[in-house]
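Engineer: To start, I am sharing the structure in question, which I have written as structure tokens.
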Amino acid sequence: MVDSLRPKIGVYICHCGINIGSVVDVPAVVEYASKLPGVAVSREYTYMCSDPGQNLVKEDIEKEGLNRVIVASCSPRMHEPTFRKTLKDAGLNPYYLEMANIREQCSWVHEDHAEATEKAKKLVEAAVAKALLLEALEEKEVDVIPSCLVIGAGIAGIQAALDIADAGFKVYVVEKTPSVGGHMAQLDKTFPTLDCSACILTPKMVDVANHPNIELMTYSQLEEISGYVGNFKAKIRKKARYVDFDRCTGCGVCAENCRLAGRIPNEFDELIGNRGAIYLPFPQAVPAKYTIDPERCLQLSKGKCGKEGPACVAACGPGCIDFEQQDEIVEIECGTVIVATGYDVFPMEKKPEYGWAENDNVLTGLEFERLVSASGPTGGKPILGRDKKGEGGYEPKKVAFIHCVGSRDKSVGNEYCSRVCCMYLAKQAHLIRDKLPDAEITVFYMDVRAFGKGFEEFYDRVRREGVRYVRGNPSEIFKKSADPEDHTLIVKVEDTLTGTPLEYESDLVVLGVGLEPRRDIREIIDLFKLSQSTDGFFLEAHPKLRPVDTASDGVFLAGCCQGPKDIPDTVAQAKGAASSALILMAYGKVKVEAQVSVVNPDECRGCGFCVEVCPFTAIELVDENRMGNIVQVAKVNEALCKGCGSCAAACLSGAIQPKSFKDEQILPQIAVLGVKP
Amino acid sequence: MSEEFEPNIVAFLCNWCSYAGADLAGTSRTHYLPNVKIIRVMCSGRVNPLFLVNALQQGADGVLISGCHPGDCHYLEGNFFARRRFMLMRKLLEHVGVDPARVNMSWVSASEGAKFKDVVDEVVTKVKEVGPMDQFRRRQINW
């Protein structure tokens with residue numbers, strides 16, 4: 001048994017190879033620390049986090065009877081769990097550890113060796129001052145509800161949901177649009193293998209809908225989420241489809257008869273194809289249930305549809321159209337959450353010089369996918385300029401592809417590479433070569449990044465097929481003449497390898513638009529309090545070692561919501577996220593925050609300020625009998641408290657305090673660091 | 001005074017955004033001035049306004065609170081509380097004669113290592129201009 005009343009502190013200064021040792025004079029810090037009050041042992045070691053380093057601590061705890069440990073090394077965000085475990089292994093309460101961050105916040109950011117050494121001494125001294133007052137805390141375990149909520153049903157969400165469901169756990173999949181499939185369903189072929197996207201995706205879409213462990217909610221949105229890891233409660237709004245979901249057979253007679261059939265731009269076809277007010281986004285949609293667009297439907301938006309009333313109602317055999325249908329709110333409980341909300345492509349409004357808005361033959365990469373897809377508006381034929389009835393039109397003879405539109409471009413605020421554009425443009429060039437063997441194809445590129453498995457080989461193949469690559473970033477794209485019959489576009493560009501300015505004529509320009517965070521990413525951020533990295537995508541817990549975790553326990557990331565990715569990477573990450581969620585659910589228990597707030601009822605005056613500021617409604621006022629007088633005092637629900645400490649800053653008497661960050665633990669730190677060196 | 005005045009600044013950083021941002025500044029080897037010493041708290045909302053007074057009393061020449069951007073708080077709204085308390089405390093300190101340049105707050109996210117450097121350098125420069133803080137310290141009496 002260690003005597004925790006009289007502090008006996010061990011201080012361990014890490015060299016971290018040369019990361020700390022080359023800037024901070026470690027022996028001087030060790031010497032300084034050894035003279036601090038309560039310090040029994042002061043040592044240095046090359047790598048404290050290594051096995052011998054940790055054993056050093058363990059041995060001292062056992063032999064010297066240490067009851068507080070300071071490790072001065074890297075950030076506690078990095079190795080606090082490591083050293084807590086060390087303490088635990090040696091039989092000491094893990095919360096008797098304090099870390100001094102002398103790497104990230106000292107040796108790596110300061111050049112002057114003397115100043116850095118002085119700062120390191122102060123940081124260690126502050127840690128010692130706090131350690132004197134550290135308390136043992138008890139870690140509690142709670143049960144994990146064995147179910148997972150997956151948000152988004154693109155390939156990432158689908159894969160994660162299937163893996164978890166196959167492992168025998170319940171999965172709720174929430175998808176905003178009427179069908180699962182996401183962006184991958186819009187693609188024609190996939191690089192570099194030229195697999196048909198629909199052929200490899202559709203079976204998985206069907207599996208998600210039919211899996212006994214999966215409850216699929218399409219055309220639905222997450223409205224509220226509360227709780228904590230292992231015990232989330234979610235509120236999901238199932239938007240009214242105005243079609244009886246169970247009775248609809250997906251026959252499509254309603255859509256054929258809709259008065260607006262073929263007159264509303266279809267979002268799934270990137271607005272280059274049309275649908276009716278009642279529609280199925282695409283033929284292979286899952287679930288194959290029709291949906292009425294309430295904003296466009298004449299009956300729903302204007303209250304009147306033709307003289308004889310809505311034609312869809314008359315046409316529908318099973319009689320499943322119901323204009324009175326209401327949104328439904330579903331409440332579920334789940335232990336884990338996977339966010340797989342995907343991306344949006346770069347909005348061309350931000351780059352007006354490329355003439356996308358004015359010219360029908362300037363297409364984004366995704367519009368081109370729909371154009372050449374067999375399920376697209378032209379049945380897969382690359383025909384442009386058709387009339388409203390879908391007749392006429394022309395086949396392009398000269399096609400230009402433009403790299404890096406909205407990526408690697410500081411002027412539009414996107415510094416990052418979108419990772420897929422080089423290859424999807426190469427694939428699209430191949431598709432044009434396949435469909436129009438005589439077309440002249442030119443690709444304008446900045447760099448070609450063919451980094452993945454089979455990418456370079458595919459890029460080579462496309463060039464061998466007679467696709468010309470010209471290095472240059474176009475400045476402008478415009479129409480050659482005002483004649484409506486002349487479709488020729490001019491691509492103004494400088495060939496940067498020869499230094500020649502070009503005005504390249506073409507009758508179809510495909511823009512390699514990059515990937516951006518979803519325009520509605522805020523909704524998810526507000527629900528889960530997720531952080532964004534500088535590029536706007538969700539921030540993972542660690543860029544190398546925790547790529548699917550978030551700062552919120554039990555919430556994992558999959559797919560392009562975390563950053564641009566191609567399909568194999570997305571699937572791999574989705575499987576990673578599924579496995580992370582499964583770890584929690586399979587073990588069935590999770591440790592909850594031990595650093596919760598605690599009330600000293602003798603000091604509490606029952607004002608309730610803490611109750612008001614608590615963001616998690618974890619505090620309530622309860623009656624206490626004090627020698628016959630009933631008074632109110634605050635009480636913390638430890639399961640709900642997350643230890644933020646807002647209550648402590650609001651408390652006038654200092655009666656409520658977050659464990660490990662109490663006033664009495666922070667004030668000594670201030671006292672050390674405030675004093676001038 | 002022959003030597004240039006080097007201010008001593010105590011910073012309170014929230015664990016999730018600003019402390020992580022400061023770590024990122026380290027990982028990216030962004031050099032900044034060593035005058036700022038960091039105390040980690042779980043949330044900027046934890047910072048009792050009295051911590052600021054206490055730091056100035058102990059001899060710090062300036063203080064800094066840094067948290068998540070408004071709306072991004074890991075604990076939903078702790079940074080809003082921090083902001084309100086901070087504004088009041090700064091006014092109060094101004095009222096008793098403390099230059100507001102000494103009392104600083106910023107929003108630094110986990111991905112803003114470069115911004116953290118800018119914040120530190122700016123605060124240090126500001127505090128350097130107003131000179132050493134000696135209003136709260138006990139006067140040395142020469143008998």
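Just so we're on the same page: first chain in the structure tokens is A, next is B, and so on; residues restart at 1 for each chain, and ligands are numbered from 1 in the order they show up.
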Residues of chain B were defined as contacting chain A if any atom lay at most 6 Å from it, counting only C-alpha atoms; please report them as a PyMOL selection string.

Structural biologist: chain B and resi 23+26+29-32+42-43+45-48+55+58-60+72+74+111

Engineer: From a backbone DSSP assignment, name each residue in stretch 135-210 of chain A labelled helix (DSSP H, G or I), as a ChimeraX atom specification.

Structural biologist: /A:155-166,182-186,197-210

Engineer: Would you put the residues from that selection into a file with N, CA and C atoms, as a PDB file, in the first residue's frame?

Structural biologist:
```pdb
ATOM      1  N   ILE A 155     -21.084   4.593 -50.342  1.00  0.00           N
ATOM      2  CA  ILE A 155     -20.347   3.346 -50.229  1.00  0.00           C
ATOM      3  C   ILE A 155     -19.722   3.197 -48.845  1.00  0.00           C
ATOM      4  N   ALA A 156     -19.307   4.321 -48.238  1.00  0.00           N
ATOM      5  CA  ALA A 156     -18.698   4.237 -46.903  1.00  0.00           C
ATOM      6  C   ALA A 156     -19.721   3.750 -45.882  1.00  0.00           C
ATOM      7  N   GLY A 157     -20.871   4.393 -45.853  1.00  0.00           N
ATOM      8  CA  GLY A 157     -21.908   4.021 -44.890  1.00  0.00           C
ATOM      9  C   GLY A 157     -22.403   2.603 -45.124  1.00  0.00           C
ATOM     10  N   ILE A 158     -22.554   2.248 -46.399  1.00  0.00           N
ATOM     11  CA  ILE A 158     -23.052   0.909 -46.743  1.00  0.00           C
ATOM     12  C   ILE A 158     -22.079  -0.160 -46.239  1.00  0.00           C
ATOM     13  N   GLN A 159     -20.791   0.047 -46.526  1.00  0.00           N
ATOM     14  CA  GLN A 159     -19.797  -0.949 -46.142  1.00  0.00           C
ATOM     15  C   GLN A 159     -19.703  -1.086 -44.632  1.00  0.00           C
ATOM     16  N   ALA A 160     -19.689   0.065 -43.930  1.00  0.00           N
ATOM     17  CA  ALA A 160     -19.591   0.017 -42.473  1.00  0.00           C
ATOM     18  C   ALA A 160     -20.813  -0.694 -41.896  1.00  0.00           C
ATOM     19  N   ALA A 161     -21.991  -0.361 -42.422  1.00  0.00           N
ATOM     20  CA  ALA A 161     -23.225  -0.953 -41.905  1.00  0.00           C
ATOM     21  C   ALA A 161     -23.231  -2.464 -42.135  1.00  0.00           C
ATOM     22  N   LEU A 162     -22.810  -2.885 -43.331  1.00  0.00           N
ATOM     23  CA  LEU A 162     -22.821  -4.325 -43.628  1.00  0.00           C
ATOM     24  C   LEU A 162     -21.865  -5.080 -42.720  1.00  0.00           C
ATOM     25  N   ASP A 163     -20.667  -4.520 -42.504  1.00  0.00           N
ATOM     26  CA  ASP A 163     -19.687  -5.209 -41.657  1.00  0.00           C
ATOM     27  C   ASP A 163     -20.217  -5.390 -40.244  1.00  0.00           C
ATOM     28  N   ILE A 164     -20.827  -4.325 -39.708  1.00  0.00           N
ATOM     29  CA  ILE A 164     -21.313  -4.398 -38.332  1.00  0.00           C
ATOM     30  C   ILE A 164     -22.505  -5.354 -38.249  1.00  0.00           C
ATOM     31  N   ALA A 165     -23.370  -5.260 -39.244  1.00  0.00           N
ATOM     32  CA  ALA A 165     -24.553  -6.134 -39.239  1.00  0.00           C
ATOM     33  C   ALA A 165     -24.132  -7.597 -39.375  1.00  0.00           C
ATOM     34  N   ASP A 166     -23.120  -7.851 -40.210  1.00  0.00           N
ATOM     35  CA  ASP A 166     -22.639  -9.222 -40.386  1.00  0.00           C
ATOM     36  C   ASP A 166     -22.028  -9.765 -39.097  1.00  0.00           C
ATOM     37  N   GLY A 182     -25.296   6.944 -52.743  1.00  0.00           N
ATOM     38  CA  GLY A 182     -24.400   8.095 -52.700  1.00  0.00           C
ATOM     39  C   GLY A 182     -23.801   8.431 -54.046  1.00  0.00           C
ATOM     40  N   HIS A 183     -22.630   9.057 -53.991  1.00  0.00           N
ATOM     41  CA  HIS A 183     -21.989   9.484 -55.233  1.00  0.00           C
ATOM     42  C   HIS A 183     -21.548   8.306 -56.094  1.00  0.00           C
ATOM     43  N   MET A 184     -21.184   7.188 -55.439  1.00  0.00           N
ATOM     44  CA  MET A 184     -20.671   6.072 -56.226  1.00  0.00           C
ATOM     45  C   MET A 184     -21.730   5.576 -57.209  1.00  0.00           C
ATOM     46  N   ALA A 185     -23.013   5.667 -56.815  1.00  0.00           N
ATOM     47  CA  ALA A 185     -24.081   5.203 -57.692  1.00  0.00           C
ATOM     48  C   ALA A 185     -24.185   6.065 -58.945  1.00  0.00           C
ATOM     49  N   GLN A 186     -23.675   7.297 -58.854  1.00  0.00           N
ATOM     50  CA  GLN A 186     -23.760   8.194 -60.016  1.00  0.00           C
ATOM     51  C   GLN A 186     -22.684   7.893 -61.054  1.00  0.00           C
ATOM     52  N   SER A 197     -19.517   0.787 -62.054  1.00  0.00           N
ATOM     53  CA  SER A 197     -19.799   1.207 -60.681  1.00  0.00           C
ATOM     54  C   SER A 197     -21.093   0.597 -60.173  1.00  0.00           C
ATOM     55  N   ALA A 198     -22.142   0.677 -60.989  1.00  0.00           N
ATOM     56  CA  ALA A 198     -23.440   0.146 -60.567  1.00  0.00           C
ATOM     57  C   ALA A 198     -23.357  -1.359 -60.311  1.00  0.00           C
ATOM     58  N   CYS A 199     -22.586  -2.076 -61.185  1.00  0.00           N
ATOM     59  CA  CYS A 199     -22.529  -3.536 -61.049  1.00  0.00           C
ATOM     60  C   CYS A 199     -21.920  -3.963 -59.726  1.00  0.00           C
ATOM     61  N   ILE A 200     -20.917  -3.207 -59.239  1.00  0.00           N
ATOM     62  CA  ILE A 200     -20.304  -3.637 -57.984  1.00  0.00           C
ATOM     63  C   ILE A 200     -21.029  -3.052 -56.776  1.00  0.00           C
ATOM     64  N   LEU A 201     -21.746  -1.960 -56.987  1.00  0.00           N
ATOM     65  CA  LEU A 201     -22.404  -1.310 -55.851  1.00  0.00           C
ATOM     66  C   LEU A 201     -23.814  -1.840 -55.598  1.00  0.00           C
ATOM     67  N   THR A 202     -24.559  -2.082 -56.675  1.00  0.00           N
ATOM     68  CA  THR A 202     -25.979  -2.445 -56.493  1.00  0.00           C
ATOM     69  C   THR A 202     -26.188  -3.643 -55.565  1.00  0.00           C
ATOM     70  N   PRO A 203     -25.387  -4.707 -55.661  1.00  0.00           N
ATOM     71  CA  PRO A 203     -25.616  -5.821 -54.731  1.00  0.00           C
ATOM     72  C   PRO A 203     -25.488  -5.392 -53.278  1.00  0.00           C
ATOM     73  N   LYS A 204     -24.533  -4.495 -53.015  1.00  0.00           N
ATOM     74  CA  LYS A 204     -24.353  -4.034 -51.634  1.00  0.00           C
ATOM     75  C   LYS A 204     -25.542  -3.179 -51.201  1.00  0.00           C
ATOM     76  N   MET A 205     -26.074  -2.383 -52.142  1.00  0.00           N
ATOM     77  CA  MET A 205     -27.236  -1.548 -51.819  1.00  0.00           C
ATOM     78  C   MET A 205     -28.421  -2.431 -51.435  1.00  0.00           C
ATOM     79  N   VAL A 206     -28.589  -3.499 -52.202  1.00  0.00           N
ATOM     80  CA  VAL A 206     -29.696  -4.414 -51.922  1.00  0.00           C
ATOM     81  C   VAL A 206     -29.479  -5.099 -50.565  1.00  0.00           C
ATOM     82  N   ASP A 207     -28.237  -5.493 -50.300  1.00  0.00           N
ATOM     83  CA  ASP A 207     -27.920  -6.144 -49.018  1.00  0.00           C
ATOM     84  C   ASP A 207     -28.278  -5.258 -47.836  1.00  0.00           C
ATOM     85  N   VAL A 208     -27.939  -3.964 -47.958  1.00  0.00           N
ATOM     86  CA  VAL A 208     -28.224  -3.041 -46.854  1.00  0.00           C
ATOM     87  C   VAL A 208     -29.718  -2.987 -46.589  1.00  0.00           C
ATOM     88  N   ALA A 209     -30.497  -2.998 -47.665  1.00  0.00           N
ATOM     89  CA  ALA A 209     -31.944  -2.892 -47.492  1.00  0.00           C
ATOM     90  C   ALA A 209     -32.537  -4.182 -46.923  1.00  0.00           C
ATOM     91  N   ASN A 210     -31.915  -5.321 -47.234  1.00  0.00           N
ATOM     92  CA  ASN A 210     -32.526  -6.600 -46.854  1.00  0.00           C
ATOM     93  C   ASN A 210     -31.932  -7.238 -45.612  1.00  0.00           C
TER      94      ASN A 210
END
```

Engineer: Between atom CA of A:Lys351 and atom CA of A:Gly413, what is the distance, to one decimal in Å?

Structural biologist: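 Value for the atom CA of A:Lys351-atom CA of A:Gly413 distance: 11.5 Å.
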
Engineer: Could you give me, as an MDAnalysis selection string, the residues within 9 Å of B:Glu112, counting only C-alpha atoms and dropping anything in the same chain fewer than 2 positions from it?

Structural biologist: (chainID A and resid 533:534) or (chainID B and resid 17:18 20:22 24:25 108:110 114:117)

Engineer: As an exercise, work out the distance from atom CA of A:Val412 to atom CA of A:Leu384 in Å and give it to one decimal place.

Structural biologist: 28.9 Å

Engineer: B:Pro100: which residues within 8 Å, counting only C-alpha atoms, same-chain residues fewer than 3 positions away excluded, as an NGL selection string?

Structural biologist: :B and (90-91 or 93-94 or 103-104)

Engineer: Next, write the just-selected residues to a file, as a PDB file, in the first residue's frame, keeping C-alpha atoms as the atom set.

Structural biologist:
```pdb
ATOM      1  CA  ARG B  90     -11.501  42.482 -18.604  1.00  0.00           C
ATOM      2  CA  LYS B  91     -13.777  45.478 -18.043  1.00  0.00           C
ATOM      3  CA  LEU B  93      -9.686  44.869 -14.527  1.00  0.00           C
ATOM      4  CA  GLU B  94      -9.633  47.920 -16.787  1.00  0.00           C
ATOM      5  CA  VAL B 103      -5.972  40.402 -20.754  1.00  0.00           C
ATOM      6  CA  ASN B 104      -6.418  38.383 -23.925  1.00  0.00           C
TER       7      ASN B 104
END
```

Engineer: Rounded to one decimal in Å, what is the spacing between atom CA of A:Asp360 and atom CA of A:Lys479?

Structural biologist: 10.7 Å

Engineer: A:Arg546: which residues within 12 Å, counting only C-alpha atoms, same-chain residues fewer than 2 positions away excluded, as an MDAnalysis selection string?

Structural biologist: chainID A and resid 78 539:544 548:551 553 556:557 562 573 576:577 580

Engineer: Could you save those same residues with N, CA and C atoms as a PDB file, in the first residue's frame?

Structural biologist:
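Below you can see part33.pdb, which holds the result:
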```pdb
ATOM      1  N   MET A  78      -0.939  12.819 -26.220  1.00  0.00           N
ATOM      2  CA  MET A  78      -0.260  11.725 -26.896  1.00  0.00           C
ATOM      3  C   MET A  78      -0.122  10.522 -25.958  1.00  0.00           C
ATOM      4  N   LEU A 539     -12.097  16.472 -38.708  1.00  0.00           N
ATOM      5  CA  LEU A 539     -10.764  16.234 -38.172  1.00  0.00           C
ATOM      6  C   LEU A 539     -10.751  14.894 -37.424  1.00  0.00           C
ATOM      7  N   GLU A 540      -9.794  14.045 -37.768  1.00  0.00           N
ATOM      8  CA  GLU A 540      -9.662  12.768 -37.084  1.00  0.00           C
ATOM      9  C   GLU A 540      -8.893  12.984 -35.779  1.00  0.00           C
ATOM     10  N   ALA A 541      -8.969  11.988 -34.881  1.00  0.00           N
ATOM     11  CA  ALA A 541      -8.354  12.159 -33.561  1.00  0.00           C
ATOM     12  C   ALA A 541      -6.833  12.240 -33.649  1.00  0.00           C
ATOM     13  N   HIS A 542      -6.241  11.514 -34.569  1.00  0.00           N
ATOM     14  CA  HIS A 542      -4.794  11.629 -34.797  1.00  0.00           C
ATOM     15  C   HIS A 542      -4.554  11.371 -36.286  1.00  0.00           C
ATOM     16  N   PRO A 543      -3.761  12.244 -36.931  1.00  0.00           N
ATOM     17  CA  PRO A 543      -3.627  12.121 -38.390  1.00  0.00           C
ATOM     18  C   PRO A 543      -2.992  10.816 -38.851  1.00  0.00           C
ATOM     19  N   LYS A 544      -2.183  10.190 -37.990  1.00  0.00           N
ATOM     20  CA  LYS A 544      -1.533   8.949 -38.408  1.00  0.00           C
ATOM     21  C   LYS A 544      -2.184   7.728 -37.766  1.00  0.00           C
ATOM     22  N   VAL A 548      -9.742   7.053 -37.978  1.00  0.00           N
ATOM     23  CA  VAL A 548     -11.199   6.930 -38.062  1.00  0.00           C
ATOM     24  C   VAL A 548     -11.889   7.411 -36.781  1.00  0.00           C
ATOM     25  N   ASP A 549     -11.099   7.729 -35.754  1.00  0.00           N
ATOM     26  CA  ASP A 549     -11.703   8.192 -34.507  1.00  0.00           C
ATOM     27  C   ASP A 549     -11.903   9.704 -34.561  1.00  0.00           C
ATOM     28  N   THR A 550     -12.808  10.199 -33.735  1.00  0.00           N
ATOM     29  CA  THR A 550     -12.947  11.644 -33.566  1.00  0.00           C
ATOM     30  C   THR A 550     -12.655  11.960 -32.114  1.00  0.00           C
ATOM     31  N   ALA A 551     -12.645  13.270 -31.799  1.00  0.00           N
ATOM     32  CA  ALA A 551     -12.417  13.664 -30.411  1.00  0.00           C
ATOM     33  C   ALA A 551     -13.598  13.256 -29.529  1.00  0.00           C
ATOM     34  N   ASP A 553     -15.756  10.429 -28.107  1.00  0.00           N
ATOM     35  CA  ASP A 553     -15.680   8.977 -27.959  1.00  0.00           C
ATOM     36  C   ASP A 553     -16.920   8.315 -28.546  1.00  0.00           C
ATOM     37  N   PHE A 556     -17.233   7.723 -34.973  1.00  0.00           N
ATOM     38  CA  PHE A 556     -16.157   7.398 -35.909  1.00  0.00           C
ATOM     39  C   PHE A 556     -16.447   7.978 -37.287  1.00  0.00           C
ATOM     40  N   LEU A 557     -15.385   8.114 -38.086  1.00  0.00           N
ATOM     41  CA  LEU A 557     -15.525   8.699 -39.414  1.00  0.00           C
ATOM     42  C   LEU A 557     -15.243   7.650 -40.480  1.00  0.00           C
ATOM     43  N   GLN A 562     -14.075  12.791 -44.156  1.00  0.00           N
ATOM     44  CA  GLN A 562     -12.824  13.029 -43.424  1.00  0.00           C
ATOM     45  C   GLN A 562     -11.755  13.608 -44.332  1.00  0.00           C
ATOM     46  N   GLN A 573     -11.449   2.544 -45.127  1.00  0.00           N
ATOM     47  CA  GLN A 573     -11.711   3.345 -43.935  1.00  0.00           C
ATOM     48  C   GLN A 573     -13.048   2.958 -43.290  1.00  0.00           C
ATOM     49  N   GLY A 576     -12.492   0.075 -41.291  1.00  0.00           N
ATOM     50  CA  GLY A 576     -11.788   0.503 -40.080  1.00  0.00           C
ATOM     51  C   GLY A 576     -12.755   1.076 -39.060  1.00  0.00           C
ATOM     52  N   ALA A 577     -13.650   1.941 -39.523  1.00  0.00           N
ATOM     53  CA  ALA A 577     -14.621   2.564 -38.622  1.00  0.00           C
ATOM     54  C   ALA A 577     -15.537   1.492 -38.038  1.00  0.00           C
ATOM     55  N   SER A 580     -13.705  -0.311 -35.371  1.00  0.00           N
ATOM     56  CA  SER A 580     -13.591   0.492 -34.149  1.00  0.00           C
ATOM     57  C   SER A 580     -14.892   0.480 -33.368  1.00  0.00           C
TER      58      SER A 580
END
```

Engineer: Determine which residues of stretch 38-69 of chain A receive a DSSP assignment of strand (DSSP E or B), computed from the backbone, and state them as JSON, numbers by chain.

Structural biologist: {"A": [39, 40, 41, 42, 43, 44, 45, 68, 69]}

Engineer: Export, as an mmCIF file, in the first residue's frame, the selected residues with C-alpha atoms.

Structural biologist:
```cif
data_model
loop_
_atom_site.group_PDB
_atom_site.id
_atom_site.type_symbol
_atom_site.label_atom_id
_atom_site.label_comp_id
_atom_site.auth_asym_id
_atom_site.auth_seq_id
_atom_site.Cartn_x
_atom_site.Cartn_y
_atom_site.Cartn_z
ATOM 1 C CA VAL A 39 10.245 15.098 -5.064
ATOM 2 C CA ALA A 40 11.865 11.834 -4.021
ATOM 3 C CA VAL A 41 13.245 10.657 -7.342
ATOM 4 C CA SER A 42 14.303 12.673 -10.362
ATOM 5 C CA ARG A 43 15.570 10.832 -13.407
ATOM 6 C CA GLU A 44 16.130 11.158 -17.125
ATOM 7 C CA TYR A 45 15.736 8.578 -19.861
ATOM 8 C CA ARG A 68 2.888 10.668 -7.536
ATOM 9 C CA VAL A 69 4.526 10.507 -10.957
#
```

Engineer: If you count only C-alpha atoms, which residues fall within 8 Å of B:Lys37, apart from same-chain ones fewer than 2 positions away, as a list in words?

Structural biologist: Lys119, Leu123 and Leu673 of chain A; Asn8, Ile9, Val10, Ala11, Pro34, Asn35 and Ile39 of chain B

Engineer: Do a neighbour search on stretch 80-88 of chain A at 10 Å with only C-alpha atoms, toss out local chain neighbours closer than 2 positions, and write the hits as a compact mmCIF listing (two decimals) with C-alpha atoms, in the first residue's frame.

Structural biologist:
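Below you can see result01.txt, which holds the result:
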```txt
# COMPACT_ATOMS: atom_id res chain seq x y z
CA MET A 48 10.22 7.22 -21.40
CA CYS A 49 7.42 5.65 -23.43
CA SER A 50 9.55 2.59 -24.27
CA ASP A 51 9.34 -0.58 -22.22
CA GLY A 53 11.35 3.67 -19.65
CA GLN A 54 8.06 2.53 -18.25
CA ASN A 55 9.78 -0.15 -16.18
CA LEU A 56 11.92 2.56 -14.61
CA VAL A 57 8.74 4.17 -13.29
CA LYS A 58 7.29 0.86 -12.16
CA ILE A 61 6.96 2.98 -7.50
CA ASN A 67 2.82 7.92 -4.90
CA ARG A 68 2.89 10.67 -7.54
CA VAL A 69 4.53 10.51 -10.96
CA ILE A 70 5.49 13.36 -13.27
CA VAL A 71 6.51 12.51 -16.80
CA CYS A 74 5.41 14.94 -25.09
CA SER A 75 1.84 16.17 -25.00
CA PRO A 76 -0.54 14.47 -22.57
CA ARG A 77 -2.85 14.18 -25.57
CA MET A 78 -0.26 11.73 -26.90
CA ALA A 90 2.47 -0.80 -10.72
CA GLY A 91 -0.53 -0.70 -8.43
CA LEU A 92 -0.84 3.07 -8.22
CA ASN A 93 -4.02 4.95 -9.04
CA PRO A 94 -3.59 6.12 -12.66
CA TYR A 95 -4.79 9.62 -11.80
CA TYR A 96 -1.69 10.23 -9.70
CA LEU A 97 0.06 11.04 -12.98
CA GLU A 98 0.77 14.52 -14.23
CA MET A 99 2.55 15.31 -17.47
```

Engineer: Find, counting only C-alpha atoms, the residue in A:Cys607, A:Val633, A:Met423, A:Cys417 that gets nearest to A:Glu516.

Structural biologist: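 Closest candidate: A:Cys417.
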